[in-house]
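Q: query-v5.cif (mmCIF, C-alpha atoms) pasted underneath:
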```
data_run
loop_
_atom_site.label_atom_id
_atom_site.label_comp_id
_atom_site.auth_asym_id
_atom_site.auth_seq_id
_atom_site.Cartn_x
_atom_site.Cartn_y
_atom_site.Cartn_z
CA MET R 1 23.63 -12.50 18.79
CA ALA R 2 22.47 -10.15 16.06
CA ALA R 3 23.17 -9.67 12.35
CA ASP R 4 24.61 -6.63 10.60
CA GLN R 5 21.94 -4.73 8.64
CA PHE R 6 24.45 -3.54 6.05
CA ALA R 7 25.67 -7.09 5.36
CA CYS R 8 22.13 -8.43 5.15
CA THR R 9 21.00 -5.63 2.84
CA ALA R 10 24.05 -6.27 0.65
CA ALA R 11 23.09 -9.95 0.56
CA VAL R 12 19.64 -9.01 -0.75
CA VAL R 13 21.12 -6.94 -3.56
CA GLU R 14 23.67 -9.63 -4.39
CA GLU R 15 21.16 -12.51 -4.40
CA THR R 16 18.49 -10.65 -6.38
CA PRO R 17 20.19 -7.89 -8.39
CA ASP R 18 17.08 -7.21 -10.50
CA ALA R 19 14.64 -7.06 -7.60
CA VAL R 20 12.51 -4.05 -6.78
CA VAL R 21 13.46 -3.33 -3.17
CA VAL R 22 10.85 -1.36 -1.23
CA SER R 23 12.46 0.10 1.87
CA ASN R 24 10.87 1.50 4.99
CA LEU R 25 11.42 5.15 5.83
CA GLY R 26 14.43 5.80 8.02
CA VAL R 27 17.15 3.27 8.77
CA ALA R 28 16.15 0.65 6.18
CA SER R 29 16.25 3.23 3.37
CA TYR R 30 19.44 4.86 4.64
CA VAL R 31 21.25 1.52 4.79
CA LEU R 32 19.99 0.53 1.35
CA ALA R 33 21.15 3.86 -0.11
CA GLU R 34 24.58 3.34 1.41
CA VAL R 35 24.87 -0.25 0.19
CA ALA R 36 23.77 0.47 -3.40
CA ASP R 37 21.71 3.33 -4.81
CA ARG R 38 19.97 1.25 -7.48
CA ASP R 39 17.28 2.36 -9.96
CA ARG R 40 14.95 -0.26 -8.49
CA ASN R 41 15.26 0.95 -4.92
CA PHE R 42 11.82 2.19 -3.89
CA TYR R 43 12.77 4.23 -0.85
CA LEU R 44 9.91 5.57 1.23
CA TRP R 45 10.24 8.92 2.94
CA GLY R 46 6.98 8.65 4.85
CA SER R 47 3.90 6.54 5.52
CA MET R 48 5.28 4.47 8.37
CA GLY R 49 3.46 1.15 8.48
CA SER R 50 2.72 1.09 4.74
CA THR R 51 5.94 -0.37 3.37
CA THR R 52 4.80 -3.98 3.09
CA ALA R 53 1.51 -3.06 1.43
CA THR R 54 3.40 -0.91 -1.05
CA GLY R 55 5.43 -4.00 -1.92
CA VAL R 56 2.23 -5.98 -2.42
CA GLY R 57 1.12 -3.43 -5.00
CA VAL R 58 4.45 -3.59 -6.81
CA ALA R 59 4.41 -7.39 -6.82
CA HIS R 60 0.99 -7.37 -8.45
CA GLY R 61 2.24 -5.68 -11.58
CA THR R 62 5.60 -7.31 -12.20
CA ASP R 63 7.05 -10.79 -12.40
CA GLU R 64 10.37 -9.53 -11.03
CA GLN R 65 11.32 -10.32 -7.46
CA VAL R 66 9.96 -7.73 -5.02
CA THR R 67 11.61 -7.50 -1.62
CA VAL R 68 10.31 -5.36 1.23
CA LEU R 69 12.82 -4.14 3.82
CA THR R 70 10.76 -3.05 6.77
CA GLY R 71 11.58 -2.49 10.42
CA ASP R 72 10.16 -3.77 13.67
CA GLY R 73 8.63 -0.41 14.51
CA SER R 74 6.89 -0.09 11.17
CA LEU R 75 5.66 -3.68 11.10
CA THR R 76 4.33 -3.32 14.63
CA MET R 77 2.23 -0.43 13.34
CA SER R 78 0.57 -2.65 10.71
CA LEU R 79 1.07 -6.22 11.83
CA GLY R 80 -2.20 -7.27 10.19
CA VAL R 81 -0.64 -6.56 6.79
CA CYS R 82 0.73 -10.11 6.87
CA SER R 83 -2.83 -11.26 6.21
CA THR R 84 -2.92 -9.07 3.11
CA VAL R 85 0.34 -10.64 1.91
CA VAL R 86 -1.33 -14.02 2.29
CA THR R 87 -4.48 -12.87 0.51
CA ALA R 88 -2.46 -11.51 -2.41
CA ASP R 89 -0.40 -14.74 -2.48
CA GLN R 90 2.31 -13.39 -4.75
CA PRO R 91 5.20 -15.84 -5.30
CA ASN R 92 7.60 -12.98 -6.12
CA LEU R 93 7.23 -11.18 -2.77
CA THR R 94 9.59 -11.50 0.20
CA VAL R 95 9.22 -9.41 3.33
CA VAL R 96 12.30 -8.81 5.48
CA CYS R 97 11.74 -7.34 8.92
CA PHE R 98 14.93 -5.95 10.42
CA ASP R 99 14.39 -6.00 14.16
CA ASN R 100 16.85 -3.63 15.85
CA GLY R 101 14.72 -3.31 18.97
CA ILE R 102 14.39 0.46 18.69
CA TYR R 103 12.58 3.19 16.84
CA GLY R 104 15.74 4.15 14.97
CA THR R 105 14.70 7.51 13.52
CA THR R 106 12.75 8.92 16.44
CA GLY R 107 15.46 8.85 19.06
CA GLY R 108 16.12 5.18 19.70
CA GLN R 109 13.19 4.45 22.00
CA PRO R 110 12.64 0.72 22.59
CA THR R 111 10.10 -1.07 20.43
CA PRO R 112 7.68 -3.65 21.82
CA SER R 113 9.16 -7.13 21.88
CA ILE R 114 7.25 -9.15 19.30
CA ASP R 115 7.90 -12.56 17.77
CA PHE R 116 7.27 -11.40 14.20
CA ALA R 117 7.81 -14.83 12.65
CA ALA R 118 5.18 -16.30 14.96
CA ALA R 119 2.82 -13.38 14.27
CA ALA R 120 3.23 -13.91 10.53
CA GLU R 121 2.74 -17.66 10.81
CA ALA R 122 -0.41 -17.06 12.87
CA GLN R 123 -1.82 -15.20 9.84
CA GLY R 124 -0.82 -17.99 7.46
CA LEU R 125 2.37 -16.39 6.16
CA SER R 126 5.40 -18.64 5.94
CA ALA R 127 8.13 -17.14 8.13
CA THR R 128 11.53 -17.75 9.63
CA SER R 129 13.70 -16.00 12.20
CA VAL R 130 17.46 -15.47 11.95
CA ALA R 131 20.10 -13.60 13.93
CA ASP R 132 23.38 -13.69 11.99
CA ASP R 133 24.59 -12.70 8.54
CA ASP R 134 25.13 -16.18 7.11
CA ALA R 135 21.79 -17.45 8.35
CA PHE R 136 20.10 -14.41 6.81
CA ALA R 137 21.75 -14.94 3.41
CA ALA R 138 20.65 -18.58 3.41
CA ALA R 139 17.13 -17.74 4.55
CA TYR R 140 16.81 -15.04 1.88
CA ALA R 141 17.90 -17.41 -0.89
CA ASP R 142 15.34 -19.92 0.37
CA ALA R 143 12.63 -17.27 0.52
CA VAL R 144 13.26 -16.19 -3.07
CA ASP R 145 13.00 -19.82 -4.19
CA HIS R 146 9.88 -20.39 -2.09
CA GLU R 147 6.76 -20.76 -4.22
CA GLY R 148 4.70 -18.33 -2.19
CA PRO R 149 5.34 -15.12 -0.25
CA SER R 150 7.27 -15.32 2.98
CA LEU R 151 8.69 -13.24 5.80
CA ILE R 152 12.15 -13.23 7.34
CA GLU R 153 12.56 -11.74 10.79
CA CYS R 154 16.19 -10.74 11.22
CA ALA R 155 17.56 -9.49 14.53
CA VAL R 156 20.12 -6.77 13.83
CA GLU R 157 22.35 -4.45 15.81
CA PRO R 158 21.14 -0.83 15.76
CA THR R 159 23.02 1.30 13.24
CA ASP R 160 23.17 4.95 12.29
CA PRO R 161 23.87 5.22 8.55
CA GLU R 162 25.24 8.40 7.01
CA ALA R 163 23.74 7.98 3.53
CA ARG R 164 20.38 9.37 2.52
CA PRO R 165 18.30 8.65 -0.59
CA THR R 166 17.49 11.61 -2.81
CA PHE R 167 15.10 14.08 -1.19
CA ASP R 168 13.32 14.27 -4.56
CA PHE R 169 10.57 11.87 -3.53
CA PRO R 170 8.63 11.84 -6.85
CA HIS R 171 11.85 10.92 -8.66
CA ILE R 172 12.15 7.66 -6.67
CA PRO R 173 9.05 5.82 -7.94
CA ARG R 174 9.55 7.33 -11.40
CA ARG R 175 13.02 5.82 -11.54
CA VAL R 176 11.69 2.41 -10.49
CA ARG R 177 8.94 2.59 -13.10
CA ASP R 178 11.31 3.59 -15.87
CA SER R 179 13.65 0.75 -14.93
CA LEU R 180 10.83 -1.81 -15.04
CA ASN R 181 9.68 -0.50 -18.42
CA GLU R 182 13.11 -0.65 -20.05
CA MET O 1 -28.27 0.89 -15.94
CA SER O 2 -27.83 0.54 -12.17
CA TRP O 3 -25.38 2.84 -10.40
CA GLU O 4 -23.24 -0.20 -9.62
CA ALA O 5 -23.06 -1.09 -13.32
CA GLU O 6 -22.19 2.54 -14.10
CA ILE O 7 -19.19 2.24 -11.79
CA VAL O 8 -18.07 -1.12 -13.17
CA ASN O 9 -18.29 0.18 -16.72
CA GLY O 10 -16.46 3.36 -15.75
CA LEU O 11 -13.62 1.31 -14.26
CA LEU O 12 -13.50 -0.85 -17.38
CA ASP O 13 -13.48 2.24 -19.60
CA ALA O 14 -10.59 3.57 -17.52
CA GLU O 15 -8.66 0.32 -17.95
CA ILE O 16 -8.15 -0.19 -14.23
CA ASP O 17 -5.86 -3.17 -13.61
CA LEU O 18 -6.31 -3.62 -9.88
CA VAL O 19 -8.94 -2.63 -7.31
CA THR O 20 -7.83 -2.68 -3.68
CA GLN O 21 -10.74 -2.73 -1.28
CA LEU O 22 -12.27 -3.46 2.07
CA PRO O 23 -15.66 -5.05 2.61
CA ASP O 24 -18.55 -2.62 2.07
CA GLY O 25 -22.09 -3.91 1.75
CA ALA O 26 -23.07 -0.95 -0.40
CA MET O 27 -20.44 -1.85 -2.99
CA GLY O 28 -21.16 -5.58 -3.12
CA ALA O 29 -22.65 -5.51 -6.62
CA VAL O 30 -19.70 -3.45 -7.87
CA LEU O 31 -17.27 -6.03 -6.55
CA GLU O 32 -19.32 -8.80 -8.12
CA GLY O 33 -19.32 -6.96 -11.45
CA LEU O 34 -15.55 -6.56 -11.30
CA HIS O 35 -15.12 -10.27 -10.68
CA GLU O 36 -17.38 -11.08 -13.63
CA ALA O 37 -15.29 -8.74 -15.78
CA ASP O 38 -12.05 -10.41 -14.61
CA VAL O 39 -10.67 -7.27 -13.03
CA ASP O 40 -8.17 -8.15 -10.29
CA THR O 41 -9.34 -7.19 -6.82
CA LEU O 42 -7.43 -7.38 -3.56
CA ARG O 43 -9.07 -7.29 -0.14
CA VAL O 44 -6.72 -5.65 2.32
CA GLU O 45 -6.72 -5.47 6.11
CA ARG O 46 -6.79 -1.70 6.45
CA GLU O 47 -7.37 1.29 4.22
CA GLU O 48 -3.79 2.56 4.48
CA SER O 49 -2.77 -0.69 2.84
CA ALA O 50 -5.32 -0.14 0.06
CA ILE O 51 -3.72 3.22 -0.71
CA ALA O 52 -0.17 1.85 -0.41
CA ALA O 53 -0.84 -1.16 -2.64
CA ALA O 54 -2.47 1.05 -5.25
CA SER O 55 0.53 3.37 -5.08
CA GLY O 56 2.94 0.46 -5.47
CA ALA O 57 1.12 -0.81 -8.51
CA TRP O 58 1.82 2.47 -10.33
CA VAL O 59 5.57 1.83 -10.54
CA THR O 60 4.83 -1.26 -12.61
CA GLY O 61 2.73 0.68 -15.11
CA GLU O 62 -0.60 -0.43 -13.68
CA ARG O 63 -3.62 1.74 -12.91
CA ALA O 64 -5.19 0.95 -9.56
CA ALA O 65 -8.38 2.03 -7.83
CA VAL O 66 -9.27 1.98 -4.14
CA MET O 67 -12.77 1.22 -2.87
CA CYS O 68 -13.59 1.95 0.76
CA GLN O 69 -15.96 3.72 3.12
CA SER O 70 -15.42 7.30 4.23
CA SER O 71 -14.42 6.18 7.73
CA GLY O 72 -11.73 4.08 6.07
CA LEU O 73 -10.42 6.94 3.98
CA ALA O 74 -10.05 8.80 7.25
CA ASN O 75 -7.88 5.90 8.45
CA ALA O 76 -5.64 6.42 5.45
CA ILE O 77 -4.96 10.14 5.76
CA ASN O 78 -1.26 9.65 6.52
CA ALA O 79 -0.72 7.29 3.58
CA ILE O 80 -2.23 9.90 1.29
CA GLY O 81 -0.38 12.78 2.90
CA SER O 82 3.06 11.21 3.22
CA LEU O 83 3.13 8.78 0.29
CA SER O 84 0.61 9.37 -2.49
CA VAL O 85 0.78 13.15 -2.65
CA PRO O 86 4.49 13.86 -2.00
CA ALA O 87 5.75 10.92 -4.11
CA ARG O 88 3.14 11.63 -6.80
CA LEU O 89 1.70 8.14 -6.79
CA PRO O 90 -1.73 8.33 -8.42
CA PHE O 91 -4.83 6.27 -7.75
CA LEU O 92 -8.57 6.58 -8.20
CA ALA O 93 -10.62 6.25 -5.03
CA LEU O 94 -14.31 5.36 -4.92
CA VAL O 95 -15.51 6.18 -1.45
CA THR O 96 -19.01 5.56 -0.10
CA ARG O 97 -19.59 8.67 1.95
CA ARG O 98 -21.48 8.59 5.21
CA GLY O 99 -22.28 11.51 7.44
CA ASP O 100 -24.46 13.65 5.18
CA LEU O 101 -28.05 13.27 3.92
CA GLY O 102 -29.93 10.50 5.71
CA GLU O 103 -27.17 9.75 8.19
CA PHE O 104 -28.46 8.36 11.48
CA ASN O 105 -25.15 7.53 13.17
CA ILE O 106 -23.36 10.47 14.75
CA ALA O 107 -20.12 8.45 14.75
CA GLN O 108 -20.09 8.68 10.94
CA VAL O 109 -20.63 12.43 10.79
CA PRO O 110 -17.35 14.19 11.68
CA ALA O 111 -15.13 12.29 9.25
CA GLY O 112 -17.71 11.47 6.59
CA TYR O 113 -19.09 15.00 6.33
CA GLY O 114 -15.68 16.58 6.70
CA LEU O 115 -13.64 14.48 4.29
CA PRO O 116 -14.07 16.67 1.19
CA ALA O 117 -12.63 19.58 3.19
CA MET O 118 -9.82 17.35 4.49
CA MET O 119 -8.95 16.38 0.92
CA ASP O 120 -8.91 20.05 0.00
CA GLU O 121 -6.47 20.73 2.83
CA MET O 122 -4.10 18.10 1.41
CA GLY O 123 -4.52 19.24 -2.17
CA VAL O 124 -6.29 16.05 -3.26
CA ARG O 125 -8.92 16.66 -5.94
CA HIS O 126 -12.32 15.10 -5.45
CA THR O 127 -15.93 15.23 -6.50
CA VAL O 128 -19.05 14.33 -4.54
CA VAL O 129 -21.54 12.39 -6.66
CA SER O 130 -25.12 12.76 -5.46
CA GLU O 131 -26.91 11.64 -8.65
CA PRO O 132 -25.98 8.37 -10.38
CA GLY O 133 -26.82 9.44 -13.92
CA ALA O 134 -23.36 10.31 -15.22
CA LEU O 135 -21.43 8.03 -12.90
CA ARG O 136 -19.78 5.97 -15.64
CA LYS O 137 -18.38 9.08 -17.26
CA THR O 138 -17.37 10.56 -13.91
CA VAL O 139 -15.41 7.45 -12.91
CA ARG O 140 -13.69 7.31 -16.28
CA MET O 141 -12.78 10.99 -16.27
CA ALA O 142 -11.59 10.93 -12.65
CA ALA O 143 -9.29 8.01 -13.40
CA ASP O 144 -7.98 9.52 -16.60
CA SER O 145 -7.20 12.77 -14.81
CA ALA O 146 -5.56 11.00 -11.87
CA PHE O 147 -3.17 9.03 -14.03
CA SER O 148 -2.44 11.73 -16.59
CA THR O 149 -1.63 14.29 -13.87
CA ARG O 150 0.05 11.73 -11.59
CA THR O 151 -2.09 12.72 -8.63
CA PRO O 152 -4.81 10.93 -6.65
CA TYR O 153 -8.48 11.63 -7.35
CA VAL O 154 -11.32 10.76 -4.97
CA VAL O 155 -14.92 10.18 -6.08
CA PHE O 156 -17.27 10.34 -3.11
CA LEU O 157 -20.55 8.46 -3.48
CA ASP O 158 -23.27 10.02 -1.38
CA ALA O 159 -26.12 8.11 0.24
CA THR O 160 -28.43 9.59 -2.41
CA VAL O 161 -26.64 7.21 -4.81
CA THR O 162 -25.86 4.21 -2.63
CA GLY O 163 -28.93 4.26 -0.38
CA TYR O 164 -29.12 4.71 3.35
CA GLY O 165 -30.00 2.70 6.42
CA GLN O 166 -33.50 1.91 7.58
CA GLU O 167 -32.46 3.15 10.99
CA ALA O 168 -32.76 6.71 9.75
CA GLN O 169 -36.25 6.32 8.31
#
```
In structure tokens, what does this structure look like?

A:
Amino acid sequence: MAADQFACTAAVVEETPDAVVVSNLGVASYVLAEVADRDRNFYLWGSMGSTTATGVGVAHGTDEQVTVLTGDGSLTMSLGVCSTVVTADQPNLTVVCFDNGIYGTTGGQPTPSIDFAAAAEAQGLSATSVADDDAFAAAYADAVDHEGPSLIECAVEPTDPEARPTFDFPHIPRRVRDSLNE
Amino acid sequence: MSWEAEIVNGLLDAEIDLVTQLPDGAMGAVLEGLHEADVDTLRVEREESAIAAASGAWVTGERAAVMCQSSGLANAINAIGSLSVPARLPFLALVTRRGDLGEFNIAQVPAGYGLPAMMDEMGVRHTVVSEPGALRKTVRMAADSAFSTRTPYVVFLDATVTGYGQEAQ
């Protein structure tokens, strides 16, 4: 069984409408753009493996909820970043790892099979694993209420979104910044 | 004033809100000075994360600095090239540079000596500091220019400032 990445991303936006959502390059950003092109969507167009750490930086400077939407391929590239999330210990940070089992933007090659929740827990980061839409929505609500940072590993079906964020990369963080300063 | 105090004062002058860093014995007194001055610091697991966290802080209105060794900046080339530069996410970097005067370890030479040229190739401005005298002003001005132009700026600290290993002597 696997969840639907569109439904889960929509649940994030619905549960935390004011959150800064930092999305991994590729599928996570494309799905987010298709669900809702919000001012506080911090789409990445590059730097695979750096999405979670970017969220840590955002969470340092705001009291708003900050949610990272990363992928299994990207988190595999920087699995040790969970230790940095623990070090930073920001209560407003939630990391969602959508595990579709493939490198979605490089041709669909299989990713290594990793128990991300266990890997996060091994670094001291509270984590849970879900595999359907309702369980994700409940886990996300719990994570937002959780007093510290946490990670949700969510198994999803591979998808091929049509939407793309703006190609004007400098505009994306500028728009987030302006929204936070309003 | 020690070179470490020059850096701490430069960062305070520049109103840096967050310093992301990895352990570096040469910068220990700087880190201690930042703690005494109540500047937030964050130890990260890898230099790419130091760059990314500093970049993320900018969208909240904060000014962040990165402290790492030259080998670590080499680790972070892709974060600089595919996040900081194209998205115009500024940060100040203070990088202890190995590979030049006094270097004994050949493993530090290719990246350490070559990094200024690598930064040039990516269009990242930098300066190599070999004398500590004006370090406070240099740090302040590098930060001010980074954040006013919305581009990264790297200050390399040569071994003539930070000292070098007994192995070479």

Q: Rank R:Val58, R:Met1, R:Ala127, R:Leu25 by their smallest atom-to-atom distance to R:Val86, using all atoms listed in the file, and report the top residue only.

A: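 Result for the nearest residue to R:Val86: R:Ala127.
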
Q: I need the residue set behind the PyMOL selection byres ((chain O) within 6 of (chain R)) for this file; please write it as an MDAnalysis selection string.

A: chainID O and resid 44 49 52:54 56:57 59:60 79 82:83 87:88

Q: To one decimal place in Å, what is the distance between atom CA of O:Leu115 and atom CA of O:Ala64?

A: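 Distance between the two atoms: 21.1 Å.
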
Q: Set up a box along x, y and z of the file covering all listed atoms of stretch 68-71 of chain R, add 5 Å on every one of the six sides, and write the centre and edge lengths in Å to one decimal, as AutoDock Vina command-line options.

A:
```
--center_x 11.6 --center_y -3.9 --center_z 5.8 --size_x 12.5 --size_y 12.9 --size_z 19.2
```

Q: Please evaluate the PyMOL selection byres ((chain R and resi 15) around 9) against the structure above and give the resulting residues as a list in words.

A: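 That expression, the PyMOL selection byres ((chain R and resi 15) around 9), corresponds here to Ala10, Ala11, Val12, Val13, Glu14, Thr16, Pro17, Ala137, Tyr140, Ala141 and Val144 of chain R.
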
Q: Determine the residue membership of the PyMOL selection byres ((chain O and resi 18-25) around 10) for the file above and supply it as a VMD selection string.

A: (chain R and resid 57 60 to 61) or (chain O and resid 11 15 to 17 26 to 31 34 39 to 47 49 to 54 57 62 to 69 72 91 to 96 162)

Q: Within 12 Å of (18.3, 7.8, 5.5), in the coordinates the file gives, what residues turn up when you count all atoms listed in the file, written out as a list in words?

A: Ser23, Asn24, Leu25, Gly26, Val27, Ala28, Ser29, Tyr30, Val31, Leu32, Ala33, Glu34, Val35, Asp37, Tyr43, Leu44, Trp45, Gly46, Gly104, Thr105, Thr159, Asp160, Pro161, Glu162, Ala163, Arg164, Pro165, Thr166 and Phe167 of chain R

Q: Between R:Ala117, R:Leu75, R:Cys97, R:Cys154, which is the closest to R:Ala135 once you count all atoms listed in the file?

A: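 With all atoms listed in the file as the atom set, the closest residue is R:Cys154.
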
Q: Quick one: of R:Asp133, R:His146, R:Ile102, R:Glu153, who's nearest to R:Ala120, counting only C-alpha atoms?

A: R:Glu153

Q: Report as JSON, numbers by chain all protein, DNA and RNA residues lying within 12 Å of stretch 155-160 of chain O, evaluated on only C-alpha atoms, omitting residues in the same chain fewer than 4 positions from it.

A: {"O": [3, 4, 7, 10, 26, 27, 65, 66, 67, 68, 69, 70, 71, 73, 91, 92, 93, 94, 95, 96, 97, 98, 99, 100, 101, 102, 103, 104, 112, 113, 114, 115, 116, 119, 124, 125, 126, 127, 128, 129, 130, 131, 132, 133, 135, 136, 137, 138, 139, 140, 141, 142, 143, 145, 146, 164, 165, 168]}

Q: Pull C-alpha atoms from the residues just selected and write them as a tab-separated table (two decimals), in the frame of the given file.

A:
```tsv
chain	number	residue	atom	x	y	z
O	3	TRP	CA	-25.38	2.84	-10.40
O	4	GLU	CA	-23.24	-0.20	-9.62
O	7	ILE	CA	-19.19	2.24	-11.79
O	10	GLY	CA	-16.46	3.36	-15.75
O	26	ALA	CA	-23.07	-0.95	-0.40
O	27	MET	CA	-20.44	-1.85	-2.99
O	65	ALA	CA	-8.38	2.03	-7.83
O	66	VAL	CA	-9.27	1.98	-4.14
O	67	MET	CA	-12.77	1.22	-2.87
O	68	CYS	CA	-13.59	1.95	0.76
O	69	GLN	CA	-15.96	3.72	3.12
O	70	SER	CA	-15.42	7.30	4.23
O	71	SER	CA	-14.42	6.18	7.73
O	73	LEU	CA	-10.42	6.94	3.98
O	91	PHE	CA	-4.83	6.27	-7.75
O	92	LEU	CA	-8.57	6.58	-8.20
O	93	ALA	CA	-10.62	6.25	-5.03
O	94	LEU	CA	-14.31	5.36	-4.92
O	95	VAL	CA	-15.51	6.18	-1.45
O	96	THR	CA	-19.01	5.56	-0.10
O	97	ARG	CA	-19.59	8.67	1.95
O	98	ARG	CA	-21.48	8.59	5.21
O	99	GLY	CA	-22.28	11.51	7.44
O	100	ASP	CA	-24.46	13.65	5.18
O	101	LEU	CA	-28.05	13.27	3.92
O	102	GLY	CA	-29.93	10.50	5.71
O	103	GLU	CA	-27.17	9.75	8.19
O	104	PHE	CA	-28.46	8.36	11.48
O	112	GLY	CA	-17.71	11.47	6.59
O	113	TYR	CA	-19.09	15.00	6.33
O	114	GLY	CA	-15.68	16.58	6.70
O	115	LEU	CA	-13.64	14.48	4.29
O	116	PRO	CA	-14.07	16.67	1.19
O	119	MET	CA	-8.95	16.38	0.92
O	124	VAL	CA	-6.29	16.05	-3.26
O	125	ARG	CA	-8.92	16.66	-5.94
O	126	HIS	CA	-12.32	15.10	-5.45
O	127	THR	CA	-15.93	15.23	-6.50
O	128	VAL	CA	-19.05	14.33	-4.54
O	129	VAL	CA	-21.54	12.39	-6.66
O	130	SER	CA	-25.12	12.76	-5.46
O	131	GLU	CA	-26.91	11.64	-8.65
O	132	PRO	CA	-25.98	8.37	-10.38
O	133	GLY	CA	-26.82	9.44	-13.92
O	135	LEU	CA	-21.43	8.03	-12.90
O	136	ARG	CA	-19.78	5.97	-15.64
O	137	LYS	CA	-18.38	9.08	-17.26
O	138	THR	CA	-17.37	10.56	-13.91
O	139	VAL	CA	-15.41	7.45	-12.91
O	140	ARG	CA	-13.69	7.31	-16.28
O	141	MET	CA	-12.78	10.99	-16.27
O	142	ALA	CA	-11.59	10.93	-12.65
O	143	ALA	CA	-9.29	8.01	-13.40
O	145	SER	CA	-7.20	12.77	-14.81
O	146	ALA	CA	-5.56	11.00	-11.87
O	164	TYR	CA	-29.12	4.71	3.35
O	165	GLY	CA	-30.00	2.70	6.42
O	168	ALA	CA	-32.76	6.71	9.75
```

Q: Would you mind telling me which residue in R:Leu69, R:Val21, R:Leu125, R:Ile114 lies nearest to R:Gln90 when using only C-alpha atoms?

A: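 Residue with the minimum atom-to-atom distance to R:Gln90: R:Leu125.
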
Q: Rounded to one decimal, what separation in Å do you get between atom CA of O:Trp58 and atom CA of O:Leu89?

A: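 We find that atom CA of O:Trp58 and atom CA of O:Leu89 lie 6.7 Å from each other.
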
Q: Rank O:Val85, O:Val8, O:Met1, O:Ala111 by their smallest atom-to-atom distance to O:Thr149, using all atoms listed in the file, and report the top residue only.

A: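 With all atoms listed in the file as the atom set, the closest residue is O:Val85.
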
Q: Can you pull out every residue within 12 Å of R:Thr128, counting all atoms listed in the file, but drop anything in the same chain fewer than 2 positions away, and send it as a short mmCIF file (atom, residue, chain, number, x, y, z; two decimals) with C-alpha atoms, in the frame of the given file?

A:
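Result saved to result.cif:
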```
data_model
loop_
_atom_site.label_atom_id
_atom_site.label_comp_id
_atom_site.auth_asym_id
_atom_site.auth_seq_id
_atom_site.Cartn_x
_atom_site.Cartn_y
_atom_site.Cartn_z
CA THR R 94 9.59 -11.50 0.20
CA VAL R 95 9.22 -9.41 3.33
CA VAL R 96 12.30 -8.81 5.48
CA CYS R 97 11.74 -7.34 8.92
CA ASP R 115 7.90 -12.56 17.77
CA PHE R 116 7.27 -11.40 14.20
CA ALA R 117 7.81 -14.83 12.65
CA ALA R 118 5.18 -16.30 14.96
CA ALA R 119 2.82 -13.38 14.27
CA ALA R 120 3.23 -13.91 10.53
CA GLU R 121 2.74 -17.66 10.81
CA LEU R 125 2.37 -16.39 6.16
CA SER R 126 5.40 -18.64 5.94
CA VAL R 130 17.46 -15.47 11.95
CA ALA R 131 20.10 -13.60 13.93
CA ALA R 135 21.79 -17.45 8.35
CA PHE R 136 20.10 -14.41 6.81
CA ALA R 138 20.65 -18.58 3.41
CA ALA R 139 17.13 -17.74 4.55
CA TYR R 140 16.81 -15.04 1.88
CA ASP R 142 15.34 -19.92 0.37
CA ALA R 143 12.63 -17.27 0.52
CA PRO R 149 5.34 -15.12 -0.25
CA SER R 150 7.27 -15.32 2.98
CA LEU R 151 8.69 -13.24 5.80
CA ILE R 152 12.15 -13.23 7.34
CA GLU R 153 12.56 -11.74 10.79
CA CYS R 154 16.19 -10.74 11.22
CA ALA R 155 17.56 -9.49 14.53
#
```

Q: Figure out the distance between atom CA of O:Asn75 and atom CA of R:Phe98, please, to one decimal in Å.

A: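 For atom CA of R:Phe98 relative to atom CA of O:Asn75, the distance reads 25.8 Å.
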
Q: Using only C-alpha atoms - which residues lie no farther than 6 Å from the point (-4.1, 11.7, -3.8) in the file's frame? Write them as a ChimeraX atom specification.

A: /O:80,84-85,124,151-153

Q: Which is closest to O:His35 among O:Ile77, O:Ile106, O:Val154, O:Leu12, if we use only C-alpha atoms?

A: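 Of all the options, O:Leu12 lies closest to O:His35.
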